Amino acid sequence: MNRLGAAAAGEDRATIRAEGVVGRGRVNDFAIKLANVNGTGSATANSLIMQAIFRMGVPVSGKNLFPSNIQGLPTWYEIRVNAKGHLARSREYDLMVAMNGQTYAADIAEVSSGGYLLFDDSWALDPGLRRADVTFLGVPLARLCSDRFSSSRERILMKNVAYAGAVAALLALDPEVLAGLLQESYGSRQRLLEANQLALRLGHDYATQNFSCPLPFHLERSNRTDDLILIDGNTATALGALYAGATVAGWYPITPATSVMDNFSHLCARYRREANPEAAPGDPPFSNNYLIVQAEDELAALGVVIGAGWAGARAFTSTSGPGLSLMNELLGLAYYTEIPAVVVDVQRAGPSTGMPTRVQQADILMAAYASHGDTKHLLLFPGDPGECFEFMVAAFDLAERFQTPVMVLSDLDIGMNDWAVPRLSWDDAYQPDRGRVLGPRELEAMPQFHRYDDQDELGVTARTLPGTDSRGAYFARGSGHDRLGGYTENEVSYQEVVDRLLSKHRAAAAHMPRPVIETAAAATLGVITVGSCEPAVKEAIEILAARGTVADYMRIRGFPFAEEVASFMEGHELCFVVELNRDGQLRSLLEIEARAPAQRLRSVLIYGGLPPSAEQVVEQIANQLEA
Amino acid sequence: MNRLGAAAAGEDRATIRAEGVVGRGRVNDFAIKLANVNGTGSATANSLIMQAIFRMGVPVSGKNLFPSNIQGLPTWYEIRVNAKGHLARSREYDLMVAMNGQTYAADIAEVSSGGYLLFDDSWALDPGLRRADVTFLGVPLARLCSDRFSSSRERILMKNVAYAGAVAALLALDPEVLAGLLQESYGSRQRLLEANQLALRLGHDYATQNFSCPLPFHLERSNRTDDLILIDGNTATALGALYAGATVAGWYPITPATSVMDNFSHLCARYRREANPEAAPGDPPFSNNYLIVQAEDELAALGVVIGAGWAGARAFTSTSGPGLSLMNELLGLAYYTEIPAVVVDVQRAGPSTGMPTRVQQADILMAAYASHGDTKHLLLFPGDPGECFEFMVAAFDLAERFQTPVMVLSDLDIGMNDWAVPRLSWDDAYQPDRGRVLGPRELEAMPQFHRYDDQDELGVTARTLPGTDSRGAYFARGSGHDRLGGYTENEVSYQEVVDRLLSKHRAAAAHMPRPVIETAAAATLGVITVGSCEPAVKEAIEILAARGTVADYMRIRGFPFAEEVASFMEGHELCFVVELNRDGQLRSLLEIEARAPAQRLRSVLIYGGLPPSAEQVVEQIANQLEA
Amino acid sequence: MPSITKPLIPLLPLARNELGLTMQDYQGGMSTLCAGCGHDSITAALIQAFFELSLPPHMIAKLSGIGCSSKTPAYFASRAHGFNSVHGRMATIATGAGAANRELTLVGVSGDGDSLSIGLGNLAHAIRRNVNMAYLIENNGVYGLTKGQFSASADVGSRSRRGDSNLLQPVDPIMLGLSLGATFLARGFSGDKAQLVPILKAAVAHRGFALVDIISPCVQFNDHEGSTKSYRYMRDHELREIETDFIGQHEEIVGSLARDRATAVTMHDGARVQFRTVPEGYDPKDRGQVEAYLRERTGRGEIVTGLLFLDESQQDMHETALTPPNGLAQLPFSKLCPGSAELESFQDGLR
Amino acid sequence: MPSITKPLIPLLPLARNELGLTMQDYQGGMSTLCAGCGHDSITAALIQAFFELSLPPHMIAKLSGIGCSSKTPAYFASRAHGFNSVHGRMATIATGAGAANRELTLVGVSGDGDSLSIGLGNLAHAIRRNVNMAYLIENNGVYGLTKGQFSASADVGSRSRRGDSNLLQPVDPIMLGLSLGATFLARGFSGDKAQLVPILKAAVAHRGFALVDIISPCVQFNDHEGSTKSYRYMRDHELREIETDFIGQHEEIVGSLARDRATAVTMHDGARVQFRTVPEGYDPKDRGQVEAYLRERTGRGEIVTGLLFLDESQQDMHETALTPPNGLAQLPFSKLCPGSAELESFQDGLR
Ligand SMILES: Cc1ncc(C[n+]2csc(CCOP(=O)(O)OP(=O)(O)O)c2C)c(N)n1
Ligand SMILES: Cc1ncc(C[n+]2csc(CCOP(=O)(O)OP(=O)(O)O)c2C)c(N)n1
Ligand code: SF4
Ligand code: SF4
Ligand SMILES: [Mg+2]
Ligand SMILES: [Mg+2]
């Protein structure tokens, strides 16, 4: 029996709308949203779906919208499938999987007209919630699972896998792919594997038996993901730190940065453990070529990094807004003493504690000028996990080349969501740029070493490391010092050093990653953006072009700004700056530092805490163009 | 015997230059500099001179250039006398009092050609140090004092008073004024008074007997200071806090802010102690209507202020750059929870520890946007101690009116030097603006209180204080909250609140002190400045005008900028922004927030750590106009 | 229903206290913590303690930092003002609130991460200042809200859910407090409400800073085998040495404990606290003896709970500062501003 | 001459140590502290200790925060790298430097303000981590550099030069260290170099965090009548209970002390420390006993100096972390980067 929109006995049958309404053959182009309760294990099921789509060769993105809570509050997962590769958040949901009674009403309201809603019809659904333009697909998930699983824990967990099975049937997910994924995950744990297989089958079979599967929008195998991997930015960041040769890390847990260090620690345990064949009995048979300090706070975390950088290790910390605020004083110290340090800021929604599980790009201005006094820092803005990997390596090179803190401004969307990105590559010829570090040989050859003397063309002076040679000894200090490193309160000697710091910052511009620029014939305006906004903005540009508004595109990737940034703005009478904050922080930085004429810049600001959608960008640009 | 330029026996007599060179009758217009060793008691002697000039009715300023050290390092005091009231630092010294052997060479080099140098010729002066164009006046200070004082402590201290005596003779300081000052200072301590009188006489007599007194530049009684007082900004700030009704203060010692709280504590002990006639025996006979917490760090200091502000007290803290850096996180909390807080930042030279005893205005950008996330604060920029007093009262009113932190950005020059300013006045009709605070009566009259609801035309909502009424209870939180004060992660509810915060900030512009604007007929450019730069800039404008370059003047006094700020810039094709930092921070803020077209603004940056002189301003403006 | 249901905190529905209020009047919003979280039991104990103390809700000021524990002020006393501040700084904010209005009953709720890692310095100095407040550490040995990292109170050898062992010495807030001159130190267990309620009442009544360390298992990240802050571990290792019964100023609350071998200590406001001291001659006022006793018991792996140390002789922050008996925030402006005449004469000295 | 002259630190001009270096080789720049400042005497003791230990200057890393005390690293060992950091954070920076290169001899110099106020939390956690370093607190009970405010170590009743009395409980770094599981705790007096030098040597040799609290009078702001950190007060109240003599690994340094009633403790590197324990059976390894003893003596107003507590059994930060014996900063890049092949296979798991 094919039961489309089946509901529990006694309920009205949902109106079934002709396939034509949804559009026949909408293959590999739709969005679904899954509403759950957090702490109930739904994340596993949701990423199973997402990963299976990816393995089918279909471009896909998954966005986890979770609360700042451990158990019991609403959480959502959004999957966007788009053959053209537009993977920004879509706010049009073709299918809603509504597994949270608390949010039924809101979730049902969000389904696109003509879309579908899958719910657990083990319990009756309040008829008032029904919508005429939405197809309700009831699956008695709880009942199916209670019948087959005994422990309550298993029942809760397997219900998730069961809805994944139903979704698989509805979307035509390849069963082999799913089977393979389960096998990989639980291969060695037979009981668990069987339970998962069973639950998946329960959902799948119920759907095929009761609904006309697949739905009008569904999947077909493709090859668009063959050279891609699925990775979240925090894992990629950790991987970058590993490959860059970071040996010391200091950190303090904070959402959404925590998984940077979790991953770094796992990676190190895997790749940085060196066997010690000569270990005496009782001694550990290996040693760890890294040291991670879980610090007592963010001040300590950065202190550890600065100390390690001074002593010659590549060191980094990762944090989010509140932690960065606490790091202000020490960032100024590292700037003025010229000690390399890498700080990853996985941005979340502020101000203050704000929304810790929501995304913003709202630490830009603070990061650029962090600390009192005249300070300017180097910033890198990765746009996806692939760039997190790349930019971490660049960050260490820049920090040591320019002897200064480098902040990598990632965000929650990049950091904690899985993105489909090209496989990361590594050049084995890479050698870290340690910048100007003098060893005993160089010191011997010179009459006298002075820490802040003898600048190169970048304004960088040579440093030495403790523990190497007495002739290189110097006294690092955050107080006024002259070219020779001596304490000073003299205006001329003081200025000489801070002037060089400014020239060093200017010189760095040419060494930062260039912006990504994409031009179109006959473009009438420019759209500038940063970081995780890229997918939404690129899609928006396509939509605008289709409507006759052609725009060039630039994504900023570093501060100080590369030359191209100013020329792009000069080349456009009007530029929109799209960013995820209320105050137009990137725009401000462009005005101050790239001397962008204020009248040429307009802001597109999305700061509700969710990843941007193309529609939001289009709407704000269109409104301003009309106005 | 009149011995001009007398040196110790055996030394060459200094060439004596005709009075005409210096200019006959240069009355009440000169500058002197006194070079000392710190920790030797010279400060008393130096301010004795300065205060005596002031009492003679002659406009005078004194700048203390002291090291970050307690004893033994060089320190200088500069006195500028100018009948027209130009009291910025002069870098042309007519008379140098060189009391520090370590800095003889540098000090001698700084005397204007045709000027004078007074030194202690108890010891021979290295003949190589002599300058032909400077008159050397040797006074055997140490010898004079050893002959008359027995303890070594007294000899050191009285040597200072002795040179003050010599200077008095050379400059024609009114002996009665001096006598009066000594009487007031030591009146009750007879021995000390006599010692000081003696020392003063020793120096004075030696000078009159050996040199042709007074020097060509000297003092004459006037009445230009009759309505003025001599006060430093930190005292005035403390007085402002006292008059504004601040009851709670949290602070952590830091140069140059420490004396704000020292003064506040003295003032409170004097004016806020209430007798308690009913005190039981053994109980204290009075109570203190204030509580000052010397906190363990600046985070705690601001925490105390926020807690007190939440609970309804007017509370403030004072700090300098490093402390402000540490306050970033909590400033964001106060901003987002909308709790009034007043923070005084007495700016010093950064970055990092920098030069703690030198001046800069380099915390402007950090203060404006302190904390991660989207934050914007209210800033007040006093230009002299008089405004410190006024603006402290304004700061509390603004903080409570707008329920937000207000930062008062003073600086070391204003805060720690004595300035001659008009007498402070107080309107006894003043009542503090507590802003919107609901008590039991109002709460009773309303159906339901919600903290962030019901905004007024300024975007401000009503608050309630703990300890007053259960119906006003609310839960303040730095995490995402909605209009009703409830926790939220919802984009719309979250935005509603942060949008209001932005509108509140905008609305505050009309309530900030207007800029000081002085226009001149036929002005071709504008000069914009802030804070302690005023005297140098105004003098510079006069010098430029004399050379044919006529400029209008604007001194910014608050952020967000009052309307006049943008119109001033619109009205001038070219504006110079004069500020004491390397990076043009005020200029940046004007570009971002007053939408000043970048091309119209040019920077005049003075950041060596010393108060600016008119010549520096003139030179930088002239250079840029020529270029 | 397909959402998680929480056990409601059981209440005595009808009882009324001196103010005529019921337990309900001290309740707060619905907890969003994990089902079974120790913190919720502490919330229940606080509600009962407030009720039994007949505290006027509007005079309570509840404060916290950031963490699961720091969320709990939302779950009790919704008729009181509350302040969920930032991580580690609650002690400073409470100090300020107390400074402004000494009549408030300050109750701070914090976690072991909030208090012993990022907030350690500020906590230590609030102790030194003897700020008049009850300061609760809901101690679970982990950072709950950031998902289970070891906190500074994790015991040596304690294993995380992921399997790593903690190798660092724990910070024991009681030993720390003793070394810093704290005036009230108690330890409770979230699972032992009968003992906890009188401890909390005594903490509120104490004149000065009352530090209450409450072992509060995190069922999500620290309630497994190998944890030393689990329910299981506590049941096995808790040494309920020193029983506390709080006797209010107005009303004698008869505890369930035998009154022999009891030491009564009188609080500054006349209330009395009863200790049941198992060791002969245990003197909760002798810092050295308490320290030695605890060190010895801790060495044996025992967790001593109860009111462990008390010194009512020290002045609190306001007494040291000689402030007036009412809140500074309540002073009329006329008492604060010296007025124009004084300003004139002050300035006569500035010439 | 009209400038202030300082007493030069007296040196034995000719003696050479094992490395052939003289005391001069461990000297630093000219002090800019006040004449008579206790800190300068500690500088002299450090120079002597380094000399006697024959430390290679380039292996010393000297660190400090901000304060008069924190300036002192500029006045010794100018052939060593130094880092004058920011107020209160030296412990964290030293932790990082040690993490990067465990072969460095880390010597931190701080003040009571730097360590016990703003830096208290960070100090406590460096103690917990047992970072391998000597950490000196030049303790004068005031903030010298900011002109004489009371610090957290000011004793109750101690009077400032301006005349106010401190009313807050002092933070005693030794008691604090005991409560936090510190592994080396000593107290010295800047005026007693004979005792201080061996303490400093033992602190440097200790495997782990060696906290040395050194009473160091501030002649400018805390050396008057009424101060409890003055030279005068120390001479009257110091109880030189536990004498320390450090015996180097290579060379036996014969101290001036009788060897009877001595307890020898062997440090991890084979060096031995001698205690002269006046109280019968004083065991510097028994935390509880040390605590009780100090509490009792402090109660009597006595200041016990000497090496007070030692535990060589605890692992230091690197041992806990199982790092290699040489500095991490010295590892070749080839040992750190897994290379492209591993990256490929790692990514096979990301599909
Ligand atoms: C400055 C800052 N750093 C880090 C965090 C992230 N954070 C939130 S709660 C928490 C730990 C909470 O642990 P604990 O106080 O023990 O509370 P629990 O959740 O265990 O009850 C951390 C590190 C933060 N909010 N702010
Ligand atoms: C963040 C910050 N706050 C305040 C200061 C100002 N400050 C400099 S030294 C000092 C106190 C130093 O006291 P202590 O550590 O005891 O050293 P001492 O001078 O007594 O040797 C303070 C508060 C600072 N440098 N940085
Ligand atoms: S994570 Fe742990 S501490 Fe947090 S609510 Fe859950 S059980 Fe409680
Ligand atoms: S002020 Fe005190 S601590 Fe500082 S140098 Fe002088 S005597 Fe030493
Ligand atoms: Mg915890
Ligand atoms: Mg000190």
# chains A, B, ... in the order shown; residues from 1 in each chain; ligands from 1
$ select_by_dssp --residues "stretch 167-208 of chain D" --states "strand (DSSP E or B)" --output "JSON, numbers by chain"
{"D": [184, 185, 186, 187, 188, 189]}
$ write_last_selection --atoms "N, CA and C atoms" --output "PDB file, in the first residue's frame"
ATOM      1  N   PHE D 184      57.838  22.814  46.713  1.00  0.00           N
ATOM      2  CA  PHE D 184      59.029  23.434  47.321  1.00  0.00           C
ATOM      3  C   PHE D 184      58.607  24.780  47.856  1.00  0.00           C
ATOM      4  N   LEU D 185      58.770  24.978  49.136  1.00  0.00           N
ATOM      5  CA  LEU D 185      58.377  26.237  49.743  1.00  0.00           C
ATOM      6  C   LEU D 185      59.457  26.700  50.691  1.00  0.00           C
ATOM      7  N   ALA D 186      59.914  27.910  50.473  1.00  0.00           N
ATOM      8  CA  ALA D 186      60.950  28.432  51.351  1.00  0.00           C
ATOM      9  C   ALA D 186      60.666  29.893  51.626  1.00  0.00           C
ATOM     10  N   ARG D 187      61.215  30.353  52.756  1.00  0.00           N
ATOM     11  CA  ARG D 187      61.098  31.778  53.046  1.00  0.00           C
ATOM     12  C   ARG D 187      62.458  32.298  53.449  1.00  0.00           C
ATOM     13  N   GLY D 188      62.802  33.449  52.916  1.00  0.00           N
ATOM     14  CA  GLY D 188      64.070  34.063  53.283  1.00  0.00           C
ATOM     15  C   GLY D 188      63.861  35.519  53.635  1.00  0.00           C
ATOM     16  N   PHE D 189      64.953  36.155  53.938  1.00  0.00           N
ATOM     17  CA  PHE D 189      64.930  37.577  54.287  1.00  0.00           C
ATOM     18  C   PHE D 189      66.058  38.226  53.504  1.00  0.00           C
TER      19      PHE D 189
END
$ residues_near_ligand --ligand "ligand 2" --cutoff "7 Å" --atoms "only C-alpha atoms and all ligand atoms" --output "number ranges by chain"
B: 252-255, 297-298, 322-323, 326, 353; D: 66-70, 86-87, 110-115, 138-146, 151
$ write_last_selection --atoms "N, CA, C and O atoms" --output "short mmCIF file (atom, residue, chain, number, x, y, z; two decimals), in the first residue's frame"
data_model
loop_
_atom_site.label_atom_id
_atom_site.label_comp_id
_atom_site.auth_asym_id
_atom_site.auth_seq_id
_atom_site.Cartn_x
_atom_site.Cartn_y
_atom_site.Cartn_z
N TYR B 252 42.49 49.76 41.06
CA TYR B 252 43.77 49.09 41.25
C TYR B 252 44.83 50.13 40.90
O TYR B 252 44.70 50.83 39.90
N PRO B 253 45.86 50.25 41.73
CA PRO B 253 46.83 51.32 41.51
C PRO B 253 47.49 51.22 40.13
O PRO B 253 47.86 50.13 39.70
N ILE B 254 47.63 52.33 39.48
CA ILE B 254 48.40 52.38 38.24
C ILE B 254 48.70 53.85 37.91
O ILE B 254 47.83 54.71 38.02
N THR B 255 49.93 54.09 37.57
CA THR B 255 50.35 55.40 37.12
C THR B 255 49.75 55.62 35.73
O THR B 255 49.79 54.70 34.91
N ASP B 297 42.85 43.50 41.09
CA ASP B 297 43.26 43.75 39.71
C ASP B 297 42.17 44.60 39.06
O ASP B 297 41.16 44.91 39.69
N GLU B 298 42.36 44.92 37.80
CA GLU B 298 41.41 45.81 37.15
C GLU B 298 40.13 45.09 36.78
O GLU B 298 39.08 45.72 36.63
N PRO B 322 46.92 49.70 30.44
CA PRO B 322 46.94 48.27 30.72
C PRO B 322 45.70 47.81 31.47
O PRO B 322 45.15 46.73 31.21
N GLY B 323 45.23 48.63 32.39
CA GLY B 323 44.02 48.29 33.12
C GLY B 323 42.81 48.27 32.20
O GLY B 323 41.96 47.38 32.29
N LEU B 326 42.53 45.15 30.32
CA LEU B 326 42.00 44.04 31.12
C LEU B 326 40.50 44.16 31.34
O LEU B 326 39.84 43.19 31.68
N THR B 353 53.34 48.06 28.58
CA THR B 353 53.69 48.91 29.71
C THR B 353 54.17 50.27 29.21
O THR B 353 53.93 51.30 29.84
N ILE D 66 55.65 43.14 36.63
CA ILE D 66 55.86 44.58 36.70
C ILE D 66 55.86 45.00 38.17
O ILE D 66 55.04 44.56 38.96
N GLY D 67 56.77 45.86 38.50
CA GLY D 67 56.94 46.35 39.87
C GLY D 67 58.42 46.64 40.07
O GLY D 67 59.24 46.36 39.20
N CYS D 68 58.76 47.23 41.21
CA CYS D 68 60.19 47.43 41.49
C CYS D 68 60.90 46.09 41.47
O CYS D 68 61.95 45.92 40.85
N SER D 69 60.33 45.13 42.17
CA SER D 69 60.88 43.78 42.21
C SER D 69 61.06 43.21 40.82
O SER D 69 62.06 42.55 40.52
N SER D 70 60.09 43.47 39.98
CA SER D 70 60.14 42.88 38.64
C SER D 70 61.18 43.56 37.75
O SER D 70 61.47 43.07 36.66
N VAL D 86 54.32 41.60 31.71
CA VAL D 86 53.30 42.51 32.22
C VAL D 86 52.89 42.10 33.63
O VAL D 86 53.24 41.02 34.11
N HIS D 87 52.13 42.95 34.26
CA HIS D 87 51.80 42.81 35.67
C HIS D 87 50.99 41.53 35.94
O HIS D 87 49.90 41.36 35.40
N SER D 110 59.33 38.21 41.17
CA SER D 110 58.06 38.91 41.22
C SER D 110 57.95 39.66 42.53
O SER D 110 58.83 39.58 43.39
N GLY D 111 56.87 40.41 42.67
CA GLY D 111 56.61 41.11 43.92
C GLY D 111 55.34 40.58 44.55
O GLY D 111 54.63 39.77 43.96
N ASP D 112 55.06 41.04 45.74
CA ASP D 112 53.85 40.58 46.42
C ASP D 112 52.60 41.11 45.71
O ASP D 112 51.57 40.43 45.68
N GLY D 113 52.69 42.30 45.13
CA GLY D 113 51.54 42.79 44.36
C GLY D 113 51.39 41.97 43.10
O GLY D 113 50.31 41.47 42.79
N ASP D 114 52.47 41.81 42.41
CA ASP D 114 52.48 41.08 41.15
C ASP D 114 51.97 39.64 41.32
O ASP D 114 51.24 39.12 40.49
N SER D 115 52.37 39.01 42.42
CA SER D 115 52.05 37.58 42.61
C SER D 115 50.79 37.33 43.40
O SER D 115 50.10 36.34 43.16
N GLU D 138 59.60 38.89 45.96
CA GLU D 138 60.30 39.89 46.76
C GLU D 138 59.22 40.67 47.51
O GLU D 138 58.61 41.58 46.98
N ASN D 139 59.00 40.23 48.73
CA ASN D 139 57.78 40.57 49.47
C ASN D 139 58.03 41.73 50.44
O ASN D 139 58.72 41.58 51.44
N ASN D 140 57.42 42.87 50.12
CA ASN D 140 57.59 44.04 50.99
C ASN D 140 56.28 44.56 51.56
O ASN D 140 56.24 45.60 52.21
N GLY D 141 55.20 43.84 51.31
CA GLY D 141 53.92 44.23 51.89
C GLY D 141 53.28 45.46 51.26
O GLY D 141 52.21 45.89 51.69
N VAL D 142 53.93 46.00 50.25
CA VAL D 142 53.37 47.18 49.58
C VAL D 142 53.58 47.08 48.07
O VAL D 142 54.33 46.24 47.59
N TYR D 143 52.90 47.96 47.36
CA TYR D 143 53.19 48.18 45.96
C TYR D 143 54.24 49.28 45.94
O TYR D 143 53.91 50.45 46.11
N GLY D 144 55.49 48.90 45.73
CA GLY D 144 56.53 49.91 45.74
C GLY D 144 56.40 50.88 44.56
O GLY D 144 56.31 52.09 44.74
N LEU D 145 56.34 50.32 43.37
CA LEU D 145 56.42 51.16 42.17
C LEU D 145 55.27 52.14 42.04
O LEU D 145 55.42 53.22 41.47
N THR D 146 54.11 51.79 42.58
CA THR D 146 53.00 52.74 42.51
C THR D 146 52.88 53.54 43.81
O THR D 146 51.84 54.12 44.09
N SER D 151 49.76 45.89 49.88
CA SER D 151 49.57 44.75 49.00
C SER D 151 48.81 43.67 49.77
O SER D 151 48.48 43.84 50.93
#
$ interface_residues --of "chain A" --to "chain B" --cutoff "8 Å" --atoms "only C-alpha atoms" --output "ChimeraX atom specification"
/A:67,321-322,324-330,332-333,336,349-355,358,361-363,365-366,369-375,478-480,489-492,494-495,499,581-583,588,591-592,595-599,607-610
$ interface_residues --of "chain D" --to "chain A" --cutoff "6 Å" --atoms "only C-alpha atoms" --output "PyMOL selection string"
chain D and resi 58-59+79-85+92-97+100+322-324+329+336-337+339-340+350-351
$ closest_atom_pairs --of "chain D" --to "chain C" --cutoff "7 Å" --atoms "only C-alpha atoms" --output "tab-separated table"
residue	atom	partner	partner_atom	distance
D:Leu120	CA	C:Gly121	CA	5.1
D:Gly121	CA	C:Gly121	CA	4.4
D:Arg128	CA	C:Gln169	CA	5.7
D:Arg129	CA	C:Leu168	CA	6.3
D:Leu167	CA	C:Thr320	CA	6.9
D:Leu168	CA	C:Arg128	CA	6.2
D:Gln169	CA	C:Arg128	CA	5.7
D:Val171	CA	C:Leu180	CA	5.9
D:Met175	CA	C:Ser179	CA	5.5
D:Leu176	CA	C:Ser179	CA	5.6
D:Ser179	CA	C:Met175	CA	5.5
D:Leu180	CA	C:Val171	CA	5.8
D:Gly181	CA	C:Gln169	CA	6.3
D:Gly288	CA	C:Ala292	CA	6.1
D:Ala292	CA	C:Gly288	CA	6.1
D:Arg295	CA	C:Gly288	CA	6.5
D:Thr320	CA	C:Leu167	CA	6.9
$ residues_near_ligand --ligand "ligand 4" --cutoff "6 Å" --atoms "only C-alpha atoms and all ligand atoms" --output "PyMOL selection string"
(chain B and resi 70) or (chain D and resi 33-34+37+68+144-145+218-221)
$ write_last_selection --atoms "all heavy atoms" --output "short mmCIF file (atom, residue, chain, number, x, y, z; two decimals), in the first residue's frame"
data_model
loop_
_atom_site.label_atom_id
_atom_site.label_comp_id
_atom_site.auth_asym_id
_atom_site.auth_seq_id
_atom_site.Cartn_x
_atom_site.Cartn_y
_atom_site.Cartn_z
N ILE B 70 61.35 55.29 41.48
CA ILE B 70 61.04 55.94 42.75
C ILE B 70 62.16 56.87 43.19
O ILE B 70 61.92 57.91 43.76
CB ILE B 70 60.76 54.87 43.84
CG1 ILE B 70 59.62 53.95 43.39
CG2 ILE B 70 60.43 55.52 45.17
CD1 ILE B 70 58.30 54.64 43.12
N LEU D 33 66.95 50.96 41.56
CA LEU D 33 66.06 50.96 42.72
C LEU D 33 66.58 51.94 43.77
O LEU D 33 67.71 52.45 43.68
CB LEU D 33 65.96 49.55 43.30
CG LEU D 33 65.48 48.48 42.31
CD1 LEU D 33 65.35 47.13 43.00
CD2 LEU D 33 64.14 48.87 41.69
N CYS D 34 65.77 52.17 44.78
CA CYS D 34 66.18 53.10 45.83
C CYS D 34 67.38 52.53 46.58
O CYS D 34 67.48 51.32 46.81
CB CYS D 34 65.06 53.30 46.84
SG CYS D 34 63.54 53.90 46.11
N CYS D 37 67.12 49.44 49.09
CA CYS D 37 65.97 48.57 48.81
C CYS D 37 66.37 47.11 49.01
O CYS D 37 67.41 46.66 48.53
CB CYS D 37 65.52 48.78 47.37
SG CYS D 37 64.19 47.66 46.89
N CYS D 68 58.76 47.23 41.21
CA CYS D 68 60.19 47.43 41.49
C CYS D 68 60.90 46.09 41.47
O CYS D 68 61.95 45.92 40.85
CB CYS D 68 60.36 48.08 42.86
SG CYS D 68 59.71 49.76 42.95
N GLY D 144 55.49 48.90 45.73
CA GLY D 144 56.53 49.91 45.74
C GLY D 144 56.40 50.88 44.56
O GLY D 144 56.31 52.09 44.74
N LEU D 145 56.34 50.32 43.37
CA LEU D 145 56.42 51.16 42.17
C LEU D 145 55.27 52.14 42.04
O LEU D 145 55.42 53.22 41.47
CB LEU D 145 56.53 50.28 40.91
CG LEU D 145 56.94 50.99 39.62
CD1 LEU D 145 58.24 51.73 39.77
CD2 LEU D 145 57.05 49.98 38.47
N CYS D 218 60.87 47.59 51.81
CA CYS D 218 60.82 48.75 50.92
C CYS D 218 61.19 49.94 51.78
O CYS D 218 60.40 50.39 52.61
CB CYS D 218 59.41 48.90 50.36
SG CYS D 218 59.14 50.46 49.48
N VAL D 219 62.39 50.45 51.59
CA VAL D 219 62.84 51.54 52.45
C VAL D 219 62.05 52.82 52.18
O VAL D 219 62.01 53.72 53.00
CB VAL D 219 64.35 51.84 52.26
CG1 VAL D 219 65.17 50.68 52.76
CG2 VAL D 219 64.68 52.14 50.80
N GLN D 220 61.44 52.86 51.03
CA GLN D 220 60.73 54.07 50.67
C GLN D 220 59.34 54.12 51.30
O GLN D 220 58.92 55.14 51.80
CB GLN D 220 60.58 54.08 49.13
CG GLN D 220 60.33 55.42 48.51
CD GLN D 220 61.50 56.37 48.69
OE1 GLN D 220 61.34 57.42 49.29
NE2 GLN D 220 62.67 55.99 48.19
N PHE D 221 58.64 53.00 51.26
CA PHE D 221 57.23 53.04 51.69
C PHE D 221 56.88 52.06 52.80
O PHE D 221 55.75 52.03 53.25
CB PHE D 221 56.31 52.77 50.49
CG PHE D 221 56.48 53.76 49.39
CD1 PHE D 221 57.07 53.40 48.18
CD2 PHE D 221 56.07 55.08 49.56
CE1 PHE D 221 57.23 54.32 47.16
CE2 PHE D 221 56.22 56.00 48.54
CZ PHE D 221 56.81 55.63 47.34
#
